[in-house]
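Shown next: my_file28.cif, given as mmCIF, C-alpha atoms; chains and numbers go by the auth columns.
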data_model
#
loop_
_atom_site.group_PDB
_atom_site.id
_atom_site.type_symbol
_atom_site.label_atom_id
_atom_site.label_comp_id
_atom_site.label_asym_id
_atom_site.label_seq_id
_atom_site.Cartn_x
_atom_site.Cartn_y
_atom_site.Cartn_z
_atom_site.B_iso_or_equiv
_atom_site.auth_seq_id
_atom_site.auth_asym_id
ATOM 1 C CA MET A 1 6.270 -5.077 23.261 0.00 1 A
ATOM 2 C CA LEU A 2 7.922 -1.644 23.512 0.00 2 A
ATOM 3 C CA GLU A 3 11.380 -3.237 23.390 0.00 3 A
ATOM 4 C CA ILE A 4 10.542 -5.051 20.153 0.00 4 A
ATOM 5 C CA MET A 5 9.179 -1.849 18.630 0.00 5 A
ATOM 6 C CA GLN A 6 12.226 0.170 19.639 0.00 6 A
ATOM 7 C CA LYS A 7 14.499 -2.475 18.113 0.00 7 A
ATOM 8 C CA ILE A 8 12.493 -2.434 14.856 0.00 8 A
ATOM 9 C CA VAL A 9 12.877 1.339 14.548 0.00 9 A
ATOM 10 C CA GLU A 10 16.559 1.318 15.450 0.00 10 A
ATOM 11 C CA ASN A 11 17.248 -1.359 12.831 0.00 11 A
ATOM 12 C CA ALA A 12 15.332 0.433 10.075 0.00 12 A
ATOM 13 C CA PRO A 13 17.409 3.237 8.546 0.00 13 A
ATOM 14 C CA GLY A 14 15.283 6.284 7.756 0.00 14 A
ATOM 15 C CA SER A 15 12.432 5.221 10.035 0.00 15 A
ATOM 16 C CA LYS A 16 10.873 7.758 12.379 0.00 16 A
ATOM 17 C CA GLY A 17 8.659 5.578 14.513 0.00 17 A
ATOM 18 C CA VAL A 18 6.337 2.629 14.785 0.00 18 A
ATOM 19 C CA ILE A 19 2.885 2.191 16.298 0.00 19 A
ATOM 20 C CA LEU A 20 0.708 -0.787 17.140 0.00 20 A
ATOM 21 C CA MET A 21 -2.954 0.123 16.819 0.00 21 A
ATOM 22 C CA GLY A 22 -6.402 -1.382 16.581 0.00 22 A
ATOM 23 C CA PHE A 23 -8.403 -0.896 13.376 0.00 23 A
ATOM 24 C CA ASP A 24 -10.747 1.102 15.609 0.00 24 A
ATOM 25 C CA GLY A 25 -8.016 3.759 15.863 0.00 25 A
ATOM 26 C CA ILE A 26 -7.047 3.087 19.455 0.00 26 A
ATOM 27 C CA ALA A 27 -3.279 2.838 19.941 0.00 27 A
ATOM 28 C CA VAL A 28 -1.783 0.052 22.034 0.00 28 A
ATOM 29 C CA GLU A 29 1.882 1.053 22.005 0.00 29 A
ATOM 30 C CA GLN A 30 4.244 3.276 20.054 0.00 30 A
ATOM 31 C CA TYR A 31 7.908 4.080 19.757 0.00 31 A
ATOM 32 C CA VAL A 32 9.136 7.252 18.047 0.00 32 A
ATOM 33 C CA ARG A 33 12.812 8.145 17.645 0.00 33 A
ATOM 34 C CA PRO A 34 13.571 10.865 20.218 0.00 34 A
ATOM 35 C CA GLU A 35 14.605 13.357 17.498 0.00 35 A
ATOM 36 C CA PHE A 36 11.147 13.109 15.893 0.00 36 A
ATOM 37 C CA ALA A 37 9.075 12.878 19.065 0.00 37 A
ATOM 38 C CA ASP A 38 8.218 16.576 19.115 0.00 38 A
ATOM 39 C CA ALA A 39 7.541 17.005 15.414 0.00 39 A
ATOM 40 C CA MET A 40 5.510 13.890 14.682 0.00 40 A
ATOM 41 C CA ASP A 41 2.187 12.750 16.122 0.00 41 A
ATOM 42 C CA ILE A 42 2.306 9.144 14.968 0.00 42 A
ATOM 43 C CA GLU A 43 -0.898 8.331 16.816 0.00 43 A
ATOM 44 C CA SER A 44 -3.011 10.903 14.964 0.00 44 A
ATOM 45 C CA MET A 45 -1.406 9.818 11.729 0.00 45 A
ATOM 46 C CA ALA A 46 -2.211 6.126 12.261 0.00 46 A
ATOM 47 C CA MET A 47 -5.715 6.985 13.460 0.00 47 A
ATOM 48 C CA GLU A 48 -6.329 8.910 10.262 0.00 48 A
ATOM 49 C CA PHE A 49 -5.409 5.816 8.252 0.00 49 A
ATOM 50 C CA SER A 50 -6.897 3.074 10.437 0.00 50 A
ATOM 51 C CA PHE A 51 -10.456 3.420 9.180 0.00 51 A
ATOM 52 C CA ARG A 52 -9.254 3.522 5.558 0.00 52 A
ATOM 53 C CA PHE A 53 -7.228 0.366 6.140 0.00 53 A
ATOM 54 C CA LEU A 54 -10.370 -1.280 7.466 0.00 54 A
ATOM 55 C CA GLU A 55 -12.199 -0.365 4.283 0.00 55 A
ATOM 56 C CA LEU A 56 -9.371 -1.670 2.109 0.00 56 A
ATOM 57 C CA ARG A 57 -9.431 -4.891 4.097 0.00 57 A
ATOM 58 C CA ASP A 58 -13.163 -5.270 3.555 0.00 58 A
ATOM 59 C CA ALA A 59 -12.788 -4.511 -0.166 0.00 59 A
ATOM 60 C CA ALA A 60 -10.071 -7.161 -0.525 0.00 60 A
ATOM 61 C CA GLY A 61 -12.280 -9.637 1.312 0.00 61 A
ATOM 62 C CA SER A 62 -15.205 -8.992 -0.999 0.00 62 A
ATOM 63 C CA LEU A 63 -12.885 -9.476 -4.006 0.00 63 A
ATOM 64 C CA GLU A 64 -11.818 -12.908 -2.770 0.00 64 A
ATOM 65 C CA MET A 65 -8.227 -11.753 -2.368 0.00 65 A
ATOM 66 C CA GLY A 66 -8.285 -13.104 1.159 0.00 66 A
ATOM 67 C CA ALA A 67 -6.985 -11.192 4.136 0.00 67 A
ATOM 68 C CA ILE A 68 -4.695 -8.208 3.532 0.00 68 A
ATOM 69 C CA THR A 69 -1.333 -8.767 5.181 0.00 69 A
ATOM 70 C CA ASP A 70 0.663 -5.712 4.072 0.00 70 A
ATOM 71 C CA ILE A 71 -0.118 -2.166 2.972 0.00 71 A
ATOM 72 C CA THR A 72 2.460 0.326 1.738 0.00 72 A
ATOM 73 C CA LEU A 73 1.791 3.995 1.074 0.00 73 A
ATOM 74 C CA LYS A 74 4.457 6.112 -0.525 0.00 74 A
ATOM 75 C CA ALA A 75 3.885 9.846 -0.552 0.00 75 A
ATOM 76 C CA GLN A 76 6.046 12.827 -1.464 0.00 76 A
ATOM 77 C CA TYR A 77 7.161 13.522 2.107 0.00 77 A
ATOM 78 C CA GLY A 78 6.862 10.176 3.808 0.00 78 A
ATOM 79 C CA THR A 79 6.195 6.481 3.532 0.00 79 A
ATOM 80 C CA VAL A 80 3.998 4.288 5.725 0.00 80 A
ATOM 81 C CA VAL A 81 4.592 0.542 5.895 0.00 81 A
ATOM 82 C CA VAL A 82 1.840 -1.498 7.534 0.00 82 A
ATOM 83 C CA ARG A 83 1.712 -5.110 8.664 0.00 83 A
ATOM 84 C CA VAL A 84 -1.650 -6.534 9.686 0.00 84 A
ATOM 85 C CA LEU A 85 -1.326 -8.601 12.871 0.00 85 A
ATOM 86 C CA SER A 86 -4.908 -9.830 13.241 0.00 86 A
ATOM 87 C CA LYS A 87 -8.471 -8.923 12.405 0.00 87 A
ATOM 88 C CA GLU A 88 -8.260 -6.242 15.077 0.00 88 A
ATOM 89 C CA TYR A 89 -4.680 -4.963 15.050 0.00 89 A
ATOM 90 C CA PHE A 90 -1.964 -3.617 12.771 0.00 90 A
ATOM 91 C CA VAL A 91 1.523 -2.268 13.207 0.00 91 A
ATOM 92 C CA ALA A 92 2.607 0.760 11.126 0.00 92 A
ATOM 93 C CA MET A 93 6.058 2.225 10.595 0.00 93 A
ATOM 94 C CA VAL A 94 6.627 5.758 9.332 0.00 94 A
ATOM 95 C CA LEU A 95 9.687 6.436 7.164 0.00 95 A
ATOM 96 C CA GLY A 96 11.145 9.761 6.116 0.00 96 A
ATOM 97 C CA ASP A 97 11.835 8.413 2.656 0.00 97 A
ATOM 98 C CA ALA A 98 11.151 5.220 0.773 0.00 98 A
ATOM 99 C CA SER A 99 14.698 4.028 0.220 0.00 99 A
ATOM 100 C CA ASN A 100 14.531 1.446 2.994 0.00 100 A
ATOM 101 C CA MET A 101 10.960 0.339 2.451 0.00 101 A
ATOM 102 C CA GLY A 102 11.948 -3.250 1.748 0.00 102 A
ATOM 103 C CA LYS A 103 13.965 -3.655 4.928 0.00 103 A
ATOM 104 C CA SER A 104 11.241 -1.968 6.960 0.00 104 A
ATOM 105 C CA ARG A 105 8.593 -4.299 5.598 0.00 105 A
ATOM 106 C CA TRP A 106 10.803 -7.267 6.362 0.00 106 A
ATOM 107 C CA LEU A 107 11.437 -6.044 9.931 0.00 107 A
ATOM 108 C CA LEU A 108 7.707 -5.709 10.568 0.00 108 A
ATOM 109 C CA ARG A 109 7.028 -9.111 9.055 0.00 109 A
ATOM 110 C CA SER A 110 9.757 -10.915 10.955 0.00 110 A
ATOM 111 C CA ASN A 111 8.646 -9.341 14.244 0.00 111 A
ATOM 112 C CA ALA A 112 4.913 -9.757 13.663 0.00 112 A
ATOM 113 C CA GLN A 113 4.710 -13.032 15.536 0.00 113 A
ATOM 114 C CA ALA A 114 6.561 -11.704 18.584 0.00 114 A
ATOM 115 C CA LEU A 115 4.337 -8.600 18.663 0.00 115 A
ATOM 116 C CA SER A 116 1.205 -10.720 18.323 0.00 116 A
ATOM 117 C CA ALA A 117 2.395 -12.974 21.115 0.00 117 A
ATOM 118 C CA ASP A 118 2.783 -9.933 23.396 0.00 118 A
ATOM 119 C CA LEU A 119 -0.530 -8.523 22.221 0.00 119 A
ATOM 120 C CA PHE A 120 -2.551 -11.616 22.921 0.00 120 A
ATOM 121 C CA ALA A 121 -0.648 -12.780 25.994 0.00 121 A
ATOM 122 C CA VAL A 122 -2.897 -13.266 28.973 0.00 122 A
ATOM 123 C CA THR A 123 -1.304 -11.106 31.596 0.00 123 A
ATOM 124 C CA MET B 1 -1.403 3.264 -24.378 0.00 1 B
ATOM 125 C CA LEU B 2 -2.504 -0.364 -24.737 0.00 2 B
ATOM 126 C CA GLU B 3 0.885 -1.342 -26.167 0.00 3 B
ATOM 127 C CA ILE B 4 2.685 0.132 -23.144 0.00 4 B
ATOM 128 C CA MET B 5 0.339 -1.689 -20.785 0.00 5 B
ATOM 129 C CA GLN B 6 0.766 -5.002 -22.573 0.00 6 B
ATOM 130 C CA LYS B 7 4.543 -4.618 -22.409 0.00 7 B
ATOM 131 C CA ILE B 8 4.388 -3.843 -18.673 0.00 8 B
ATOM 132 C CA VAL B 9 2.399 -7.020 -17.998 0.00 9 B
ATOM 133 C CA GLU B 10 4.598 -9.188 -20.214 0.00 10 B
ATOM 134 C CA ASN B 11 7.726 -7.931 -18.472 0.00 11 B
ATOM 135 C CA ALA B 12 6.346 -8.487 -14.966 0.00 12 B
ATOM 136 C CA PRO B 13 6.578 -12.158 -13.971 0.00 13 B
ATOM 137 C CA GLY B 14 3.527 -13.275 -12.013 0.00 14 B
ATOM 138 C CA SER B 15 1.395 -10.364 -13.155 0.00 15 B
ATOM 139 C CA LYS B 16 -2.151 -10.993 -14.341 0.00 16 B
ATOM 140 C CA GLY B 17 -3.120 -7.640 -15.770 0.00 17 B
ATOM 141 C CA VAL B 18 -2.940 -3.880 -15.539 0.00 18 B
ATOM 142 C CA ILE B 19 -5.594 -1.171 -15.683 0.00 19 B
ATOM 143 C CA LEU B 20 -5.547 2.589 -16.044 0.00 20 B
ATOM 144 C CA MET B 21 -8.484 4.147 -14.231 0.00 21 B
ATOM 145 C CA GLY B 22 -9.814 7.421 -12.932 0.00 22 B
ATOM 146 C CA PHE B 23 -10.255 7.831 -9.170 0.00 23 B
ATOM 147 C CA ASP B 24 -13.947 8.088 -10.045 0.00 24 B
ATOM 148 C CA GLY B 25 -13.855 4.367 -10.918 0.00 25 B
ATOM 149 C CA ILE B 26 -14.120 4.788 -14.674 0.00 26 B
ATOM 150 C CA ALA B 27 -11.583 2.692 -16.590 0.00 27 B
ATOM 151 C CA VAL B 28 -9.611 4.192 -19.449 0.00 28 B
ATOM 152 C CA GLU B 29 -7.727 1.135 -20.684 0.00 29 B
ATOM 153 C CA GLN B 30 -6.765 -2.326 -19.483 0.00 30 B
ATOM 154 C CA TYR B 31 -4.667 -5.284 -20.488 0.00 31 B
ATOM 155 C CA VAL B 32 -5.166 -8.720 -18.930 0.00 32 B
ATOM 156 C CA ARG B 33 -3.072 -11.755 -19.845 0.00 33 B
ATOM 157 C CA PRO B 34 -5.229 -13.958 -22.117 0.00 34 B
ATOM 158 C CA GLU B 35 -5.063 -16.895 -19.670 0.00 35 B
ATOM 159 C CA PHE B 36 -6.636 -14.762 -16.919 0.00 36 B
ATOM 160 C CA ALA B 37 -9.122 -12.839 -19.075 0.00 37 B
ATOM 161 C CA ASP B 38 -12.034 -15.152 -18.265 0.00 38 B
ATOM 162 C CA ALA B 39 -11.347 -15.577 -14.573 0.00 39 B
ATOM 163 C CA MET B 40 -10.518 -12.024 -13.553 0.00 40 B
ATOM 164 C CA ASP B 41 -12.599 -8.865 -13.777 0.00 41 B
ATOM 165 C CA ILE B 42 -9.823 -6.333 -13.262 0.00 42 B
ATOM 166 C CA GLU B 43 -12.213 -3.439 -13.852 0.00 43 B
ATOM 167 C CA SER B 44 -14.562 -4.358 -10.995 0.00 44 B
ATOM 168 C CA MET B 45 -11.553 -4.995 -8.797 0.00 45 B
ATOM 169 C CA ALA B 46 -10.007 -1.573 -9.504 0.00 46 B
ATOM 170 C CA MET B 47 -13.389 0.128 -9.143 0.00 47 B
ATOM 171 C CA GLU B 48 -13.787 -1.427 -5.718 0.00 48 B
ATOM 172 C CA PHE B 49 -10.466 0.080 -4.668 0.00 49 B
ATOM 173 C CA SER B 50 -10.595 3.433 -6.488 0.00 50 B
ATOM 174 C CA PHE B 51 -12.750 5.207 -3.930 0.00 51 B
ATOM 175 C CA ARG B 52 -10.617 3.863 -1.063 0.00 52 B
ATOM 176 C CA PHE B 53 -7.488 5.110 -2.812 0.00 53 B
ATOM 177 C CA LEU B 54 -9.102 8.512 -3.063 0.00 54 B
ATOM 178 C CA GLU B 55 -9.709 8.515 0.681 0.00 55 B
ATOM 179 C CA LEU B 56 -6.134 7.436 1.413 0.00 56 B
ATOM 180 C CA ARG B 57 -4.932 10.235 -0.846 0.00 57 B
ATOM 181 C CA ASP B 58 -7.030 12.773 1.022 0.00 58 B
ATOM 182 C CA ALA B 59 -5.827 11.431 4.373 0.00 59 B
ATOM 183 C CA ALA B 60 -2.178 11.717 3.284 0.00 60 B
ATOM 184 C CA GLY B 61 -2.837 15.258 2.102 0.00 61 B
ATOM 185 C CA SER B 62 -4.337 16.264 5.429 0.00 62 B
ATOM 186 C CA LEU B 63 -1.320 14.752 7.224 0.00 63 B
ATOM 187 C CA GLU B 64 1.084 16.893 5.208 0.00 64 B
ATOM 188 C CA MET B 65 2.652 13.831 3.648 0.00 65 B
ATOM 189 C CA GLY B 66 2.111 15.403 0.247 0.00 66 B
ATOM 190 C CA ALA B 67 0.685 13.533 -2.708 0.00 67 B
ATOM 191 C CA ILE B 68 0.594 9.733 -2.590 0.00 68 B
ATOM 192 C CA THR B 69 2.611 8.292 -5.464 0.00 69 B
ATOM 193 C CA ASP B 70 2.478 4.533 -4.776 0.00 70 B
ATOM 194 C CA ILE B 71 0.144 2.151 -2.977 0.00 71 B
ATOM 195 C CA THR B 72 0.815 -1.543 -2.471 0.00 72 B
ATOM 196 C CA LEU B 73 -1.684 -4.033 -1.085 0.00 73 B
ATOM 197 C CA LYS B 74 -0.592 -7.564 -0.352 0.00 74 B
ATOM 198 C CA ALA B 75 -3.310 -10.073 0.432 0.00 75 B
ATOM 199 C CA GLN B 76 -3.364 -13.835 0.866 0.00 76 B
ATOM 200 C CA TYR B 77 -4.378 -14.557 -2.731 0.00 77 B
ATOM 201 C CA GLY B 78 -3.136 -11.559 -4.645 0.00 78 B
ATOM 202 C CA THR B 79 -1.171 -8.345 -4.663 0.00 79 B
ATOM 203 C CA VAL B 80 -2.133 -4.980 -6.138 0.00 80 B
ATOM 204 C CA VAL B 81 0.553 -2.441 -7.042 0.00 81 B
ATOM 205 C CA VAL B 82 -0.673 1.075 -7.780 0.00 82 B
ATOM 206 C CA ARG B 83 1.055 4.067 -9.288 0.00 83 B
ATOM 207 C CA VAL B 84 -0.701 7.414 -9.140 0.00 84 B
ATOM 208 C CA LEU B 85 -0.414 9.260 -12.476 0.00 85 B
ATOM 209 C CA SER B 86 -2.216 12.484 -11.635 0.00 86 B
ATOM 210 C CA LYS B 87 -4.907 13.898 -9.378 0.00 87 B
ATOM 211 C CA GLU B 88 -7.458 12.088 -11.521 0.00 88 B
ATOM 212 C CA TYR B 89 -5.797 8.863 -12.672 0.00 89 B
ATOM 213 C CA PHE B 90 -3.934 5.815 -11.440 0.00 90 B
ATOM 214 C CA VAL B 91 -2.572 2.656 -12.976 0.00 91 B
ATOM 215 C CA ALA B 92 -2.928 -0.630 -11.047 0.00 92 B
ATOM 216 C CA MET B 93 -1.289 -3.996 -11.673 0.00 93 B
ATOM 217 C CA VAL B 94 -2.631 -7.237 -10.226 0.00 94 B
ATOM 218 C CA LEU B 95 -0.137 -9.976 -9.318 0.00 95 B
ATOM 219 C CA GLY B 96 -0.837 -13.586 -8.445 0.00 96 B
ATOM 220 C CA ASP B 97 1.799 -13.500 -5.754 0.00 97 B
ATOM 221 C CA ALA B 98 4.043 -10.885 -4.197 0.00 98 B
ATOM 222 C CA SER B 99 7.419 -12.273 -5.219 0.00 99 B
ATOM 223 C CA ASN B 100 7.861 -9.787 -8.061 0.00 100 B
ATOM 224 C CA MET B 101 6.315 -6.786 -6.374 0.00 101 B
ATOM 225 C CA GLY B 102 9.510 -4.744 -6.583 0.00 102 B
ATOM 226 C CA LYS B 103 9.935 -5.243 -10.316 0.00 103 B
ATOM 227 C CA SER B 104 6.239 -4.539 -10.915 0.00 104 B
ATOM 228 C CA ARG B 105 6.419 -1.294 -8.982 0.00 105 B
ATOM 229 C CA TRP B 106 9.488 -0.288 -10.945 0.00 106 B
ATOM 230 C CA LEU B 107 7.809 -1.104 -14.277 0.00 107 B
ATOM 231 C CA LEU B 108 4.816 1.055 -13.398 0.00 108 B
ATOM 232 C CA ARG B 109 7.039 3.877 -12.217 0.00 109 B
ATOM 233 C CA SER B 110 9.315 3.821 -15.261 0.00 110 B
ATOM 234 C CA ASN B 111 6.320 3.787 -17.628 0.00 111 B
ATOM 235 C CA ALA B 112 4.258 6.353 -15.728 0.00 112 B
ATOM 236 C CA GLN B 113 5.455 9.254 -17.830 0.00 113 B
ATOM 237 C CA ALA B 114 4.725 7.513 -21.141 0.00 114 B
ATOM 238 C CA LEU B 115 1.253 6.533 -19.922 0.00 115 B
ATOM 239 C CA SER B 116 0.568 10.063 -18.715 0.00 116 B
ATOM 240 C CA ALA B 117 1.714 11.457 -22.057 0.00 117 B
ATOM 241 C CA ASP B 118 -0.778 9.192 -23.860 0.00 118 B
ATOM 242 C CA LEU B 119 -3.478 10.011 -21.330 0.00 119 B
ATOM 243 C CA PHE B 120 -3.191 13.760 -21.643 0.00 120 B
ATOM 244 C CA ALA B 121 -2.304 13.910 -25.335 0.00 121 B
ATOM 245 C CA VAL B 122 -4.662 16.127 -27.281 0.00 122 B
ATOM 246 C CA THR B 123 -5.899 13.882 -30.051 0.00 123 B
#
With the file now loaded, output its structure as structure tokens.
Amino acid sequence: MLEIMQKIVENAPGSKGVILMGFDGIAVEQYVRPEFADAMDIESMAMEFSFRFLELRDAAGSLEMGAITDITLKAQYGTVVVRVLSKEYFVAMVLGDASNMGKSRWLLRSNAQALSADLFAVT
Amino acid sequence: MLEIMQKIVENAPGSKGVILMGFDGIAVEQYVRPEFADAMDIESMAMEFSFRFLELRDAAGSLEMGAITDITLKAQYGTVVVRVLSKEYFVAMVLGDASNMGKSRWLLRSNAQALSADLFAVT
């Protein structure tokens, strides 16, 4: 799982790190580029959002939009790209700027199945 | 304001409608394609999300990400593209599918200033 996450970050220009977390705010695994490891607490960041994502998911459900698969947040000083893996888990990538948002979203999407397979593998 | 919103929808393939709303859930203006006007209550939909957007905005602020400018939600049966206009207002477009998400986001962004000008014009 960590290898996949490291590869995702290394292939996404402008990305700082990626985290796989439960909607309950408990992190499973994370990879942060070494140069950002001191400055960025990706776990606290994802925790702060996890409960809000849960609420968005419930709102979408009640609006008959079906399950939310992707969430993107673009802010002045950072962008968060989220792929929902299951009812319990999501993977979130933090970018320094939004210029590679599309590639980042695609990387999360194309690796979602491999991450899920690792996540739900009976070990 | 309505003319701008109608033009945004007509130029965004796959879009169903657009709404300009306060984060308090009170709609200012909306335009829904005539063929979706009966089936879709864009106001209730945006209201359902407005409070969650507010919470995301506050979370981003507390994480020193600065102000959120764009939010995208992709679900199984619909996509919502949001552009924040000010501390009080956002404009949200509902799409039937996500294939034209990029163009929709660009249309909202490039019209944000004109919408804001209408919104804050002293009449």
(request) Determine the residue set returned by the PyMOL selection byres ((chain B) within 10 of (chain A)) for the present structure, and present it as a PyMOL selection string. (result) chain B and resi 41+44-45+48-49+51-57+59-83+96+102
Counting only C-alpha atoms, which residues of region 2-82 of chain A sit at most 12 Å from some atom of region 104-123 of chain A, and what is each one's closest atom pair with its distance in Å to one decimal, listed by chain and rising residue number, as a tab-separated table?
residue	atom	partner	partner_atom	distance
A:Leu2	CA	A:Leu115	CA	9.2
A:Glu3	CA	A:Leu115	CA	10.0
A:Ile4	CA	A:Leu115	CA	7.3
A:Met5	CA	A:Leu115	CA	8.3
A:Gln6	CA	A:Asn111	CA	11.5
A:Lys7	CA	A:Leu107	CA	9.4
A:Ile8	CA	A:Leu107	CA	6.2
A:Val9	CA	A:Ser104	CA	8.4
A:Glu10	CA	A:Leu107	CA	10.5
A:Asn11	CA	A:Leu107	CA	8.0
A:Ala12	CA	A:Ser104	CA	5.7
A:Pro13	CA	A:Ser104	CA	8.2
A:Gly14	CA	A:Ser104	CA	9.2
A:Ser15	CA	A:Ser104	CA	7.9
A:Lys16	CA	A:Ser104	CA	11.1
A:Gly17	CA	A:Ser104	CA	11.0
A:Val18	CA	A:Leu108	CA	9.4
A:Ile19	CA	A:Leu108	CA	10.9
A:Leu20	CA	A:Leu115	CA	8.7
A:Met21	CA	A:Leu119	CA	10.5
A:Gly22	CA	A:Leu119	CA	10.8
A:Ala27	CA	A:Leu119	CA	11.9
A:Val28	CA	A:Leu119	CA	8.7
A:Glu29	CA	A:Leu119	CA	9.9
A:Gln30	CA	A:Leu115	CA	12.0
A:Thr69	CA	A:Arg109	CA	9.2
A:Asp70	CA	A:Arg105	CA	8.2
A:Ile71	CA	A:Arg105	CA	9.3
A:Thr72	CA	A:Arg105	CA	8.6
A:Leu73	CA	A:Arg105	CA	11.6
A:Thr79	CA	A:Ser104	CA	10.4
A:Val80	CA	A:Ser104	CA	9.7
A:Val81	CA	A:Arg105	CA	6.3
A:Val82	CA	A:Arg105	CA	7.6
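What separates CA of Ala46 (chain A) from CA of Asn100 (chain A) is a distance of 19.7 Å.
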Chain fit, chain B moved to chain A over all Cα pairs in order, as a short mmCIF file (atom, residue, chain, number, x, y, z; two decimals) with C-alpha atoms, in the coordinates of the input:
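Saved result, result.cif, follows:
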data_model
loop_
_atom_site.label_atom_id
_atom_site.label_comp_id
_atom_site.auth_asym_id
_atom_site.auth_seq_id
_atom_site.Cartn_x
_atom_site.Cartn_y
_atom_site.Cartn_z
CA MET B 1 6.27 -5.06 23.28
CA LEU B 2 7.92 -1.64 23.51
CA GLU B 3 11.39 -3.22 23.40
CA ILE B 4 10.54 -5.05 20.16
CA MET B 5 9.19 -1.85 18.63
CA GLN B 6 12.23 0.17 19.64
CA LYS B 7 14.50 -2.46 18.11
CA ILE B 8 12.49 -2.43 14.86
CA VAL B 9 12.87 1.34 14.55
CA GLU B 10 16.56 1.32 15.43
CA ASN B 11 17.25 -1.36 12.83
CA ALA B 12 15.32 0.43 10.07
CA PRO B 13 17.40 3.24 8.55
CA GLY B 14 15.27 6.28 7.76
CA SER B 15 12.43 5.22 10.03
CA LYS B 16 10.86 7.76 12.37
CA GLY B 17 8.65 5.59 14.52
CA VAL B 18 6.33 2.62 14.77
CA ILE B 19 2.88 2.19 16.30
CA LEU B 20 0.70 -0.78 17.14
CA MET B 21 -2.97 0.12 16.82
CA GLY B 22 -6.41 -1.38 16.60
CA PHE B 23 -8.40 -0.89 13.39
CA ASP B 24 -10.74 1.10 15.63
CA GLY B 25 -8.02 3.78 15.86
CA ILE B 26 -7.04 3.09 19.46
CA ALA B 27 -3.27 2.84 19.95
CA VAL B 28 -1.78 0.05 22.02
CA GLU B 29 1.89 1.05 22.00
CA GLN B 30 4.25 3.27 20.05
CA TYR B 31 7.91 4.08 19.75
CA VAL B 32 9.13 7.25 18.03
CA ARG B 33 12.80 8.14 17.64
CA PRO B 34 13.58 10.86 20.23
CA GLU B 35 14.60 13.35 17.51
CA PHE B 36 11.14 13.09 15.89
CA ALA B 37 9.07 12.87 19.08
CA ASP B 38 8.22 16.58 19.12
CA ALA B 39 7.55 16.99 15.42
CA MET B 40 5.51 13.89 14.68
CA ASP B 41 2.20 12.74 16.12
CA ILE B 42 2.31 9.13 14.96
CA GLU B 43 -0.90 8.33 16.81
CA SER B 44 -3.02 10.90 14.96
CA MET B 45 -1.40 9.82 11.72
CA ALA B 46 -2.22 6.13 12.27
CA MET B 47 -5.73 6.99 13.46
CA GLU B 48 -6.33 8.91 10.26
CA PHE B 49 -5.41 5.83 8.25
CA SER B 50 -6.90 3.08 10.44
CA PHE B 51 -10.45 3.43 9.17
CA ARG B 52 -9.25 3.53 5.55
CA PHE B 53 -7.23 0.37 6.14
CA LEU B 54 -10.36 -1.27 7.46
CA GLU B 55 -12.20 -0.36 4.27
CA LEU B 56 -9.37 -1.67 2.09
CA ARG B 57 -9.44 -4.89 4.10
CA ASP B 58 -13.17 -5.26 3.55
CA ALA B 59 -12.78 -4.51 -0.16
CA ALA B 60 -10.06 -7.17 -0.51
CA GLY B 61 -12.28 -9.64 1.32
CA SER B 62 -15.19 -9.00 -1.01
CA LEU B 63 -12.87 -9.48 -4.01
CA GLU B 64 -11.81 -12.91 -2.78
CA MET B 65 -8.23 -11.76 -2.38
CA GLY B 66 -8.29 -13.11 1.16
CA ALA B 67 -6.97 -11.19 4.13
CA ILE B 68 -4.70 -8.21 3.52
CA THR B 69 -1.33 -8.77 5.18
CA ASP B 70 0.67 -5.70 4.07
CA ILE B 71 -0.12 -2.16 2.97
CA THR B 72 2.46 0.32 1.73
CA LEU B 73 1.79 3.99 1.06
CA LYS B 74 4.46 6.12 -0.53
CA ALA B 75 3.88 9.86 -0.57
CA GLN B 76 6.03 12.84 -1.48
CA TYR B 77 7.16 13.52 2.10
CA GLY B 78 6.86 10.17 3.80
CA THR B 79 6.20 6.47 3.52
CA VAL B 80 4.00 4.29 5.72
CA VAL B 81 4.58 0.53 5.88
CA VAL B 82 1.83 -1.50 7.52
CA ARG B 83 1.70 -5.09 8.67
CA VAL B 84 -1.64 -6.54 9.67
CA LEU B 85 -1.33 -8.61 12.88
CA SER B 86 -4.90 -9.83 13.25
CA LYS B 87 -8.47 -8.92 12.41
CA GLU B 88 -8.26 -6.23 15.08
CA TYR B 89 -4.68 -4.96 15.04
CA PHE B 90 -1.97 -3.61 12.78
CA VAL B 91 1.52 -2.26 13.22
CA ALA B 92 2.60 0.76 11.12
CA MET B 93 6.06 2.22 10.59
CA VAL B 94 6.62 5.75 9.32
CA LEU B 95 9.69 6.42 7.16
CA GLY B 96 11.14 9.75 6.11
CA ASP B 97 11.86 8.42 2.66
CA ALA B 98 11.16 5.23 0.76
CA SER B 99 14.72 4.03 0.21
CA ASN B 100 14.54 1.45 3.00
CA MET B 101 10.97 0.35 2.47
CA GLY B 102 11.95 -3.24 1.73
CA LYS B 103 13.97 -3.65 4.91
CA SER B 104 11.24 -1.96 6.97
CA ARG B 105 8.60 -4.29 5.59
CA TRP B 106 10.80 -7.26 6.36
CA LEU B 107 11.44 -6.05 9.93
CA LEU B 108 7.71 -5.71 10.57
CA ARG B 109 7.01 -9.10 9.05
CA SER B 110 9.76 -10.91 10.96
CA ASN B 111 8.64 -9.35 14.25
CA ALA B 112 4.90 -9.76 13.66
CA GLN B 113 4.70 -13.03 15.54
CA ALA B 114 6.55 -11.70 18.60
CA LEU B 115 4.34 -8.61 18.66
CA SER B 116 1.20 -10.72 18.32
CA ALA B 117 2.38 -12.97 21.14
CA ASP B 118 2.79 -9.93 23.41
CA LEU B 119 -0.53 -8.51 22.24
CA PHE B 120 -2.56 -11.61 22.95
CA ALA B 121 -0.64 -12.80 26.01
CA VAL B 122 -2.90 -13.30 29.00
CA THR B 123 -1.28 -11.20 31.68
#
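Here CA of Met47 (chain A) and CA of Ser50 (chain B) stand 20.8 Å from one another.
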(request) Please indicate the distance in Å from CA of Ser99 (chain B) to CA of Tyr31 (chain B), rounded to one decimal place. (result) 20.7 Å
